[in-house]
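*Asks:* What follows is a single structure, and I will ask about it in a moment.
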Amino acid sequence: MGSGQRLGRRFGWLWGAYGTSALGTWLAFGAFPLIAVRELHAGPAEVAALSCVGAAVGAAAAVPLGPWVEFRRKRPVLMAMDLARCAALLTVPATFALGVLTFVQLLLVSAVVAAADIGFRAASGAYLKSLLPAEDLLVANARFESTAWTATIVGPPLGGAAIGLLGPVATVTADAVSYLLSALGIRAMGGHEPPPGRREEAGRMRAGDLLDGWRYILSDAALRPLFFNTVLFNGLVMASQPLLAVLMLGPLGFAPWQYGLAFAAPSVGGLLGSRLARPLVARFGQHRVLSVSGALRALWPVGLALVGPGTGGLLLVIGVELGLIFCCGVFNPVQATHRLRHTASDRVARTLSAWAVTTKASTALLTAVWGVLGTLLGPRTAIALAGAVLLATPLLLPRRTAALPCEPARLS
């Protein structure tokens with residue numbers, strides 16, 4: 001499967017830094033809502049705002065980051081984004097210890113972390129493209145994907161145990177430390193990074209420059225359909241998750257541990273799918289794998305509307321999530337590679353930033369809309385509606401391959 005292919009010491013440090021921060025994130029999964037409920041006595045609307053408002057504000061704040069990152073060296077930006085996330089998260093245990101933690105602070109911290117996440121993704125994609133030749137990008141992205149799913153499997157159980165023993169603030173501290181370790185790992189990469197490209201026009205950033213990433217995506221025949229596909233798919237899948245939680249933990253009477261199992265166990269499918277991505281591409285070609293896995297992943301979510309009580313219902317959710325996550329595990333690294341290869345090197349940061357901003361903002365919007373639909377129609381009907389719309393998303397996948405942009409030499 002190519003898992004033993006060596007990509008160099010510098011990629012090893014980058015990969016290790018990513019894995020460390022990913023594990024820290026999943027260790028702290030659910031910590032903010034728990035802190036809000038247990039320590040600040042927040043209600044359902046406030047808890048929902050932590051995920052929706054924080055992400056939306058962070059996405060809005062990150063809009064200038066794409067153009068800003070594009071014309072700067074990427075390693076210092078990566079370290080700065082890690083340190084910003086670390087510093088923001090450390091304010092939570094600090095103010096908690098002093099007895100002055102507030103809900104507004106949690107909102108601000110979640111917004112800062114969301115914005116820094118987007119800046120990190122933009123810089124890391126641009127750096128990865130300059131670090132490795134095009135033929136190694138799929139191997140690298142598959143390793144990132146498998147690491148993400150491994151952290152998803154391992155992190156929440158460990159985080160849950162830590163929360164039980166030490167409380168949710170301890171896992172937030174661990175998450176902050178993981179970003180510090182990530183920054184140190186990126187610093188240890190060493191090597192020479194050439195100066196970034198210069199703006200076509202000297203002077204300060206203009207308001208129109210903020211839209212460069214979106215203009216580039218919408219004008220490119222290879223990126224435009226994939227952009228709409230991934231934004232809509234991710235938004236609808238995430239929007240239906242709170243409704244499924246309401247359905248399973250409410251009327252269907254599942255215990256919290258059963259709900260957690262229904263989403264932790266299928267993550268093995270993502271690990272397997274990411275391992276198969278490269279051999280599938282080698283056999284069938286990138287475009288075919290992208291199209292087939294992108295279409296297959298859209299077939300699963302509608303099945304969640306059929307969940308019933310008892311063991312049968314639990315097995316149904318696990319089976320549906322396993323199929324969905326396996327297809328996503330194949331699709332995601334192929335999609336990330338397709339996107340990097342079809343984006344000119346001097347546009348990567350702006351493109352990835354615009355992509356991530358739109359994904360976060362649309363997910364927040366769709367989550368709010370589907371929350372209203374769940375209230376009006378009931379959670380099961382709203383889940384079925386999301387699944388029905390998802391069935392149409394394969395129509396937005398790229399229909400054909402497109403020519404790759406001309407590229408300068410990569411990092412030495």
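Each chain in the structure tokens gets a letter, A, B and so on, in the order shown; residues start at 1 in every chain, and ligands are counted from 1 in the order they appear.
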Give me the residues within 7 Å of stretch 154-167 of chain A as a short mmCIF file (atom, residue, chain, number, x, y, z; two decimals) with N, CA, C and O atoms, in the first residue's frame, counting only C-alpha atoms and dropping any in the same chain fewer than 4 places off.
*Replies:*
```
data_model
loop_
_atom_site.label_atom_id
_atom_site.label_comp_id
_atom_site.auth_asym_id
_atom_site.auth_seq_id
_atom_site.Cartn_x
_atom_site.Cartn_y
_atom_site.Cartn_z
N LEU A 23 -4.34 14.68 18.14
CA LEU A 23 -4.65 13.92 19.34
C LEU A 23 -5.11 14.85 20.46
O LEU A 23 -6.07 14.56 21.18
N TRP A 26 -8.75 15.89 19.91
CA TRP A 26 -9.74 14.86 20.24
C TRP A 26 -9.75 14.51 21.72
O TRP A 26 -10.76 14.06 22.24
N LEU A 27 -8.63 14.72 22.41
CA LEU A 27 -8.64 14.55 23.86
C LEU A 27 -9.61 15.53 24.51
O LEU A 27 -10.30 15.22 25.48
N ALA A 28 -9.67 16.74 23.94
CA ALA A 28 -10.52 17.80 24.50
C ALA A 28 -11.89 17.84 23.84
O ALA A 28 -12.64 18.80 24.04
N PHE A 29 -12.23 16.82 23.04
CA PHE A 29 -13.51 16.81 22.35
C PHE A 29 -14.66 16.89 23.36
O PHE A 29 -14.75 16.10 24.28
N THR A 150 -7.06 7.87 13.37
CA THR A 150 -6.48 7.22 14.55
C THR A 150 -6.70 8.06 15.79
O THR A 150 -7.07 7.55 16.86
N THR A 171 -8.39 18.60 30.09
CA THR A 171 -8.23 18.20 28.69
C THR A 171 -8.01 19.42 27.81
O THR A 171 -7.32 19.33 26.79
#
```
*Asks:* Show which residues sit within 12 Å of stretch 358-366 of chain A, as JSON, numbers by chain. Count only C-alpha atoms, and ignore same-chain residues fewer than 5 positions away.
*Replies:* {"A": [48, 49, 50, 51, 52, 53, 54, 55, 56, 57, 58, 59, 60, 61, 62, 63, 111, 114, 115, 117, 118, 211, 213, 214, 217, 227, 228, 229, 230, 231, 232, 233, 234, 235, 236, 237, 238, 239, 240, 241, 242, 351, 352, 353, 371, 372, 373, 374, 382, 386]}
*Asks:* Restricting the calculation to only C-alpha atoms: of A:Asp346, A:Glu145, A:Glu39, A:Asp175, which residue gets closest to A:Phe331?
*Replies:*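 Answer, going by the shortest atom-to-atom distance: A:Glu145.
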*Asks:* Restricting the calculation to only C-alpha atoms, which member of A:Pro196, A:Gly378, A:Gly43, A:Gly323 is positioned closest to A:Gly269?
*Replies:*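 Among the listed residues, A:Gly323 lies closest to A:Gly269.
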*Asks:* So the first atom is atom CA of A:Leu89 and the second is atom CA of A:Ala336; what is the distance between them in Å, to one decimal place?
*Replies:*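 Rounded to one decimal, the two atoms are 28.2 Å apart.
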*Asks:* With only C-alpha atoms counted and 9 Å as the cut-off, give the residues of stretch 186-266 of chain A in contact with stretch 338-343 of chain A, each with its shortest interatomic distance in Å and the pair that gives it, as a tab-separated table.
*Replies:*
```
residue	atom	partner	partner_atom	distance
A:Tyr216	CA	A:Thr343	CA	8.7
A:Ile217	CA	A:Thr343	CA	8.7
A:Asp220	CA	A:His342	CA	8.7
A:Ala222	CA	A:His342	CA	6.9
A:Leu223	CA	A:Arg339	CA	6.6
A:Leu226	CA	A:Arg339	CA	8.4
```
*Asks:* Can you write just those residues out, all heavy atoms, as a compact mmCIF listing (two decimals), in the first residue's frame?
*Replies:*
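Saved as again_18.txt:
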```
# COMPACT_ATOMS: atom_id res chain seq x y z
N TYR A 216 -10.44 32.60 -7.59
CA TYR A 216 -9.63 31.56 -8.23
C TYR A 216 -10.41 30.24 -8.29
O TYR A 216 -10.42 29.55 -9.31
CB TYR A 216 -8.33 31.36 -7.44
CG TYR A 216 -7.37 30.40 -8.09
CD1 TYR A 216 -6.56 30.80 -9.14
CD2 TYR A 216 -7.28 29.08 -7.65
CE1 TYR A 216 -5.68 29.92 -9.75
CE2 TYR A 216 -6.41 28.19 -8.25
CZ TYR A 216 -5.61 28.61 -9.30
OH TYR A 216 -4.75 27.73 -9.90
N ILE A 217 -11.07 29.88 -7.18
CA ILE A 217 -11.84 28.63 -7.14
C ILE A 217 -12.95 28.65 -8.18
O ILE A 217 -13.13 27.70 -8.96
CB ILE A 217 -12.42 28.40 -5.74
CG1 ILE A 217 -11.31 28.11 -4.73
CG2 ILE A 217 -13.43 27.24 -5.75
CD1 ILE A 217 -11.78 28.13 -3.28
N ASP A 220 -11.97 28.18 -11.89
CA ASP A 220 -11.24 26.97 -12.27
C ASP A 220 -12.21 25.80 -12.43
O ASP A 220 -12.92 25.42 -11.50
CB ASP A 220 -10.20 26.64 -11.20
CG ASP A 220 -9.25 25.54 -11.65
OD1 ASP A 220 -9.67 24.35 -11.58
OD2 ASP A 220 -8.12 25.83 -12.05
N ALA A 222 -11.67 22.67 -12.62
CA ALA A 222 -11.35 21.48 -11.82
C ALA A 222 -11.72 21.68 -10.35
O ALA A 222 -12.05 20.71 -9.66
CB ALA A 222 -9.86 21.15 -11.94
N LEU A 223 -11.64 22.91 -9.86
CA LEU A 223 -11.87 23.18 -8.44
C LEU A 223 -13.31 23.55 -8.12
O LEU A 223 -13.82 23.20 -7.05
CB LEU A 223 -10.94 24.30 -7.97
CG LEU A 223 -9.44 24.03 -8.02
CD1 LEU A 223 -8.67 25.26 -7.60
CD2 LEU A 223 -9.07 22.84 -7.15
N LEU A 226 -15.84 20.66 -7.25
CA LEU A 226 -15.40 19.98 -6.04
C LEU A 226 -15.64 20.86 -4.81
O LEU A 226 -15.99 20.37 -3.73
CB LEU A 226 -13.92 19.62 -6.16
CG LEU A 226 -13.36 18.63 -5.16
CD1 LEU A 226 -14.07 17.29 -5.27
CD2 LEU A 226 -11.86 18.45 -5.38
```
*Asks:* Within 10 Å of A:Arg75, counting only C-alpha atoms, which residues qualify if same-chain residues fewer than 4 places away don't, as JSON, numbers by chain?
*Replies:* {"A": [14, 79, 80, 81, 120, 123, 124, 127, 183, 186, 187, 189, 190, 193]}
*Asks:* Can you list, as a compact mmCIF listing (two decimals) with N, CA and C atoms, in the first residue's frame, every protein, DNA or RNA residue that comes within 8 Å of stretch 289-303 of chain A when you count only C-alpha atoms, leaving out same-chain residues fewer than 5 positions away?
*Replies:*
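Saved file result31.txt follows:
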```txt
# COMPACT_ATOMS: atom_id res chain seq x y z
N PHE A 233 -21.70 18.87 1.15
CA PHE A 233 -21.68 17.56 1.80
C PHE A 233 -21.30 17.68 3.27
N VAL A 237 -23.83 16.85 6.49
CA VAL A 237 -23.49 15.75 7.39
C VAL A 237 -23.35 16.27 8.83
N LEU A 280 -5.86 2.21 -4.60
CA LEU A 280 -7.02 2.34 -5.48
C LEU A 280 -6.73 3.33 -6.60
N VAL A 281 -6.07 4.42 -6.28
CA VAL A 281 -5.71 5.39 -7.32
C VAL A 281 -4.72 4.79 -8.30
N PHE A 284 -7.02 2.37 -10.46
CA PHE A 284 -8.16 2.87 -11.22
C PHE A 284 -8.01 4.31 -11.70
N VAL A 320 -24.18 2.25 9.14
CA VAL A 320 -24.27 3.42 8.25
C VAL A 320 -23.04 4.31 8.41
N GLU A 321 -22.67 4.58 9.66
CA GLU A 321 -21.51 5.43 9.90
C GLU A 321 -20.22 4.77 9.39
N GLY A 323 -19.92 2.70 6.80
CA GLY A 323 -19.87 2.87 5.35
C GLY A 323 -19.56 4.30 4.95
N LEU A 324 -20.19 5.26 5.63
CA LEU A 324 -19.95 6.67 5.33
C LEU A 324 -18.50 7.05 5.58
N ILE A 325 -17.98 6.67 6.74
CA ILE A 325 -16.63 7.07 7.11
C ILE A 325 -15.58 6.36 6.25
N CYS A 327 -15.94 5.52 3.07
CA CYS A 327 -15.92 6.24 1.80
C CYS A 327 -15.24 7.60 1.95
N CYS A 328 -15.49 8.27 3.08
CA CYS A 328 -14.81 9.55 3.32
C CYS A 328 -13.31 9.35 3.49
N VAL A 330 -11.46 7.23 1.98
CA VAL A 330 -10.89 7.13 0.62
C VAL A 330 -10.94 8.48 -0.07
N PHE A 331 -12.08 9.15 0.00
CA PHE A 331 -12.30 10.38 -0.75
C PHE A 331 -11.41 11.53 -0.28
N VAL A 334 -7.71 11.82 -1.52
CA VAL A 334 -7.71 11.98 -2.98
C VAL A 334 -8.18 13.38 -3.34
N GLN A 335 -9.22 13.85 -2.65
CA GLN A 335 -9.71 15.20 -2.89
C GLN A 335 -8.67 16.24 -2.53
N ILE A 383 -33.52 14.70 9.55
CA ILE A 383 -32.39 13.84 9.15
C ILE A 383 -32.64 13.25 7.77
N ALA A 384 -33.87 12.79 7.52
CA ALA A 384 -34.21 12.23 6.21
C ALA A 384 -34.08 13.28 5.12
N LEU A 385 -34.48 14.52 5.41
CA LEU A 385 -34.37 15.60 4.44
C LEU A 385 -32.91 15.89 4.10
N ALA A 386 -32.06 15.92 5.12
CA ALA A 386 -30.63 16.12 4.88
C ALA A 386 -30.06 14.99 4.02
N GLY A 387 -30.45 13.75 4.33
CA GLY A 387 -29.98 12.62 3.54
C GLY A 387 -30.45 12.69 2.10
N ALA A 388 -31.70 13.16 1.88
CA ALA A 388 -32.22 13.27 0.52
C ALA A 388 -31.45 14.31 -0.28
N LEU A 390 -28.38 15.20 0.28
CA LEU A 390 -27.04 14.65 0.07
C LEU A 390 -26.98 13.72 -1.14
N LEU A 391 -28.08 13.05 -1.45
CA LEU A 391 -28.10 12.15 -2.60
C LEU A 391 -27.84 12.89 -3.91
N ALA A 392 -28.08 14.20 -3.92
CA ALA A 392 -27.86 14.98 -5.13
C ALA A 392 -26.44 15.53 -5.24
N THR A 393 -25.63 15.44 -4.17
CA THR A 393 -24.30 16.05 -4.19
C THR A 393 -23.34 15.43 -5.21
N PRO A 394 -23.46 14.13 -5.58
CA PRO A 394 -22.55 13.62 -6.62
C PRO A 394 -22.67 14.35 -7.95
N LEU A 397 -19.74 16.70 -8.47
CA LEU A 397 -18.36 16.22 -8.59
C LEU A 397 -17.80 16.55 -9.98
N PRO A 398 -16.46 16.72 -10.08
CA PRO A 398 -15.86 17.01 -11.39
C PRO A 398 -16.18 15.92 -12.40
```
*Asks:* Using only C-alpha atoms, pick whichever of A:Leu396, A:Leu7, A:Ala84, A:Ala255 has the shortest atom-to-atom distance to A:Ala221.
*Replies:*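 Using only C-alpha atoms, A:Ala221 sits closest to A:Leu396.
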*Asks:* Give the answer as one residue: which of A:Phe96, A:Pro195, A:Ala277, A:Ile153 has the shortest atom-to-atom distance to A:Arg72, using only C-alpha atoms?
*Replies:*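 For A:Arg72, the nearest of the candidates is A:Pro195.
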*Asks:* Would you pick out the contacts of A:Val268 at 10 Å or less, using only C-alpha atoms, so that residues sharing its chain but fewer than 2 positions from it are not included, and give the list as a list in words?
*Replies:*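 Near neighbours after the sequence-gap exclusion: Ser146, Trp149, Thr150, Thr152, Ile153, Ala264, Ala265, Pro266, Gly270, Leu271, Leu272, Gly273, Leu322, Ile325, Phe326 and Gly329 of chain A.
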*Asks:* Take the residues that were just selected and, keeping N, CA, C and O atoms, output them as a JSON list (two decimals), in the first residue's frame.
*Replies:*
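Written output follows (part.json):
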```json
[["chain", "number", "residue", "atom", "x", "y", "z"],
["A", 146, "SER", "N", -5.12, 9.11, 7.75],
["A", 146, "SER", "CA", -5.10, 7.96, 8.66],
["A", 146, "SER", "C", -4.76, 8.40, 10.08],
["A", 146, "SER", "O", -5.30, 7.86, 11.06],
["A", 149, "TRP", "N", -7.93, 9.87, 11.67],
["A", 149, "TRP", "CA", -8.89, 8.87, 12.12],
["A", 149, "TRP", "C", -8.36, 8.08, 13.32],
["A", 149, "TRP", "O", -9.13, 7.68, 14.19],
["A", 150, "THR", "N", -7.06, 7.87, 13.37],
["A", 150, "THR", "CA", -6.48, 7.22, 14.55],
["A", 150, "THR", "C", -6.70, 8.06, 15.79],
["A", 150, "THR", "O", -7.07, 7.55, 16.86],
["A", 152, "THR", "N", -9.07, 10.14, 16.18],
["A", 152, "THR", "CA", -10.51, 10.09, 16.45],
["A", 152, "THR", "C", -10.87, 8.85, 17.26],
["A", 152, "THR", "O", -11.77, 8.89, 18.11],
["A", 153, "ILE", "N", -10.20, 7.75, 16.96],
["A", 153, "ILE", "CA", -10.47, 6.49, 17.68],
["A", 153, "ILE", "C", -9.91, 6.54, 19.10],
["A", 153, "ILE", "O", -10.58, 6.15, 20.07],
["A", 264, "ALA", "N", -17.68, 6.22, 17.62],
["A", 264, "ALA", "CA", -16.26, 5.91, 17.80],
["A", 264, "ALA", "C", -15.86, 4.67, 17.01],
["A", 264, "ALA", "O", -14.86, 4.67, 16.29],
["A", 265, "ALA", "N", -16.65, 3.60, 17.11],
["A", 265, "ALA", "CA", -16.30, 2.34, 16.45],
["A", 265, "ALA", "C", -16.17, 2.48, 14.93],
["A", 265, "ALA", "O", -15.22, 1.94, 14.34],
["A", 266, "PRO", "N", -17.09, 3.18, 14.24],
["A", 266, "PRO", "CA", -16.97, 3.28, 12.78],
["A", 266, "PRO", "C", -15.75, 4.05, 12.29],
["A", 266, "PRO", "O", -15.44, 4.01, 11.10],
["A", 270, "GLY", "N", -12.57, 4.87, 8.54],
["A", 270, "GLY", "CA", -11.77, 5.97, 8.00],
["A", 270, "GLY", "C", -10.30, 5.60, 7.92],
["A", 270, "GLY", "O", -9.61, 5.95, 6.95],
["A", 271, "LEU", "N", -9.81, 4.89, 8.94],
["A", 271, "LEU", "CA", -8.42, 4.44, 8.92],
["A", 271, "LEU", "C", -8.18, 3.48, 7.77],
["A", 271, "LEU", "O", -7.19, 3.59, 7.03],
["A", 272, "LEU", "N", -9.10, 2.54, 7.57],
["A", 272, "LEU", "CA", -8.96, 1.57, 6.48],
["A", 272, "LEU", "C", -9.07, 2.26, 5.12],
["A", 272, "LEU", "O", -8.28, 1.98, 4.21],
["A", 273, "GLY", "N", -10.04, 3.17, 4.98],
["A", 273, "GLY", "CA", -10.22, 3.85, 3.71],
["A", 273, "GLY", "C", -9.00, 4.67, 3.31],
["A", 273, "GLY", "O", -8.59, 4.67, 2.14],
["A", 322, "LEU", "N", -20.12, 3.45, 9.52],
["A", 322, "LEU", "CA", -18.94, 2.74, 9.03],
["A", 322, "LEU", "C", -18.81, 2.90, 7.52],
["A", 322, "LEU", "O", -17.72, 3.20, 7.01],
["A", 325, "ILE", "N", -17.98, 6.67, 6.74],
["A", 325, "ILE", "CA", -16.63, 7.07, 7.11],
["A", 325, "ILE", "C", -15.58, 6.36, 6.25],
["A", 325, "ILE", "O", -14.55, 6.94, 5.90],
["A", 326, "PHE", "N", -15.84, 5.10, 5.88],
["A", 326, "PHE", "CA", -14.91, 4.41, 4.98],
["A", 326, "PHE", "C", -14.80, 5.16, 3.65],
["A", 326, "PHE", "O", -13.70, 5.40, 3.14],
["A", 329, "GLY", "N", -12.91, 8.24, 4.12],
["A", 329, "GLY", "CA", -11.49, 7.96, 4.28],
["A", 329, "GLY", "C", -10.77, 7.78, 2.96],
["A", 329, "GLY", "O", -9.59, 8.13, 2.83]]
```
*Asks:* In Å, how far is it from atom CA of A:Thr102 to atom CA of A:Ala174?
*Replies:*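 Between atom CA of A:Thr102 and atom CA of A:Ala174 the gap works out to 20.1 Å.
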*Asks:* Name all residues at most 9 Å from A:Leu138 (count only C-alpha atoms; drop same-chain ones fewer than 2 positions away) and give them as a list in words.
*Replies:*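 Within the cut-off, the hits are Ala134, Glu135, Asp136, Ala140, Asn141, Ala142, Arg143, Ala277, Arg278, Pro333, Val334, Ala336, Thr337 and His338 of chain A.
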*Asks:* Could you take the residues named above and write them with N, CA, C and O atoms, as a PDB file, in the first residue's frame?
*Replies:*
```
ATOM      1  N   ALA A 134       4.835  16.247  -6.823  1.00  0.00           N
ATOM      2  CA  ALA A 134       3.406  15.979  -7.013  1.00  0.00           C
ATOM      3  C   ALA A 134       3.058  14.512  -6.802  1.00  0.00           C
ATOM      4  O   ALA A 134       1.994  14.189  -6.263  1.00  0.00           O
ATOM      5  N   GLU A 135       3.961  13.615  -7.201  1.00  0.00           N
ATOM      6  CA  GLU A 135       3.648  12.190  -7.104  1.00  0.00           C
ATOM      7  C   GLU A 135       3.625  11.681  -5.664  1.00  0.00           C
ATOM      8  O   GLU A 135       3.114  10.592  -5.393  1.00  0.00           O
ATOM      9  N   ASP A 136       4.138  12.467  -4.708  1.00  0.00           N
ATOM     10  CA  ASP A 136       4.139  12.050  -3.296  1.00  0.00           C
ATOM     11  C   ASP A 136       3.010  12.685  -2.493  1.00  0.00           C
ATOM     12  O   ASP A 136       2.833  12.357  -1.313  1.00  0.00           O
ATOM     13  N   ALA A 140       1.307  11.535   1.237  1.00  0.00           N
ATOM     14  CA  ALA A 140       1.314  12.429   2.396  1.00  0.00           C
ATOM     15  C   ALA A 140      -0.098  12.680   2.908  1.00  0.00           C
ATOM     16  O   ALA A 140      -0.357  12.597   4.121  1.00  0.00           O
ATOM     17  N   ASN A 141      -1.014  12.974   2.007  1.00  0.00           N
ATOM     18  CA  ASN A 141      -2.382  13.257   2.435  1.00  0.00           C
ATOM     19  C   ASN A 141      -3.053  12.029   3.028  1.00  0.00           C
ATOM     20  O   ASN A 141      -3.866  12.140   3.963  1.00  0.00           O
ATOM     21  N   ALA A 142      -2.741  10.847   2.504  1.00  0.00           N
ATOM     22  CA  ALA A 142      -3.293   9.619   3.076  1.00  0.00           C
ATOM     23  C   ALA A 142      -2.766   9.399   4.495  1.00  0.00           C
ATOM     24  O   ALA A 142      -3.499   8.929   5.374  1.00  0.00           O
ATOM     25  N   ARG A 143      -1.505   9.750   4.738  1.00  0.00           N
ATOM     26  CA  ARG A 143      -0.959   9.614   6.089  1.00  0.00           C
ATOM     27  C   ARG A 143      -1.616  10.601   7.049  1.00  0.00           C
ATOM     28  O   ARG A 143      -1.912  10.255   8.196  1.00  0.00           O
ATOM     29  N   ALA A 277      -6.591   4.340  -0.162  1.00  0.00           N
ATOM     30  CA  ALA A 277      -6.721   5.401  -1.160  1.00  0.00           C
ATOM     31  C   ALA A 277      -5.638   5.323  -2.238  1.00  0.00           C
ATOM     32  O   ALA A 277      -5.934   5.364  -3.436  1.00  0.00           O
ATOM     33  N   ARG A 278      -4.401   5.181  -1.828  1.00  0.00           N
ATOM     34  CA  ARG A 278      -3.314   5.196  -2.816  1.00  0.00           C
ATOM     35  C   ARG A 278      -3.332   3.970  -3.725  1.00  0.00           C
ATOM     36  O   ARG A 278      -3.231   4.123  -4.951  1.00  0.00           O
ATOM     37  N   PRO A 333      -8.303  12.113   1.208  1.00  0.00           N
ATOM     38  CA  PRO A 333      -6.932  12.342   0.739  1.00  0.00           C
ATOM     39  C   PRO A 333      -6.842  12.507  -0.771  1.00  0.00           C
ATOM     40  O   PRO A 333      -5.992  13.260  -1.270  1.00  0.00           O
ATOM     41  N   VAL A 334      -7.714  11.818  -1.523  1.00  0.00           N
ATOM     42  CA  VAL A 334      -7.707  11.980  -2.982  1.00  0.00           C
ATOM     43  C   VAL A 334      -8.185  13.379  -3.344  1.00  0.00           C
ATOM     44  O   VAL A 334      -7.621  14.041  -4.230  1.00  0.00           O
ATOM     45  N   ALA A 336      -7.982  16.074  -1.387  1.00  0.00           N
ATOM     46  CA  ALA A 336      -6.951  17.026  -0.974  1.00  0.00           C
ATOM     47  C   ALA A 336      -5.804  17.065  -1.974  1.00  0.00           C
ATOM     48  O   ALA A 336      -5.265  18.140  -2.292  1.00  0.00           O
ATOM     49  N   THR A 337      -5.435  15.898  -2.494  1.00  0.00           N
ATOM     50  CA  THR A 337      -4.369  15.838  -3.497  1.00  0.00           C
ATOM     51  C   THR A 337      -4.805  16.481  -4.801  1.00  0.00           C
ATOM     52  O   THR A 337      -4.050  17.258  -5.421  1.00  0.00           O
ATOM     53  N   HIS A 338      -6.009  16.181  -5.246  1.00  0.00           N
ATOM     54  CA  HIS A 338      -6.559  16.795  -6.458  1.00  0.00           C
ATOM     55  C   HIS A 338      -6.558  18.314  -6.333  1.00  0.00           C
ATOM     56  O   HIS A 338      -6.172  19.035  -7.261  1.00  0.00           O
TER      57      HIS A 338
END
```
*Asks:* If you run DSSP on the backbone, which residues of stretch 122-268 of chain A are alpha helix (DSSP H), as a ChimeraX atom specification?
*Replies:* /A:122-131,137-166,168-188,212-219,224-249,256-264,267-268
*Asks:* Considering only C-alpha atoms, can you say which of A:Thr91, A:Leu101, A:Leu108, A:Leu243 comes closest to A:Trp370?
*Replies:*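 The answer is A:Leu243, which sits nearest to A:Trp370.
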*Asks:* May I ask for the distance between atom CA of A:Leu180 and atom CA of A:Gly16, given in Å to one decimal place?
*Replies:*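 Atom CA of A:Gly16 lies 12.6 Å from atom CA of A:Leu180.
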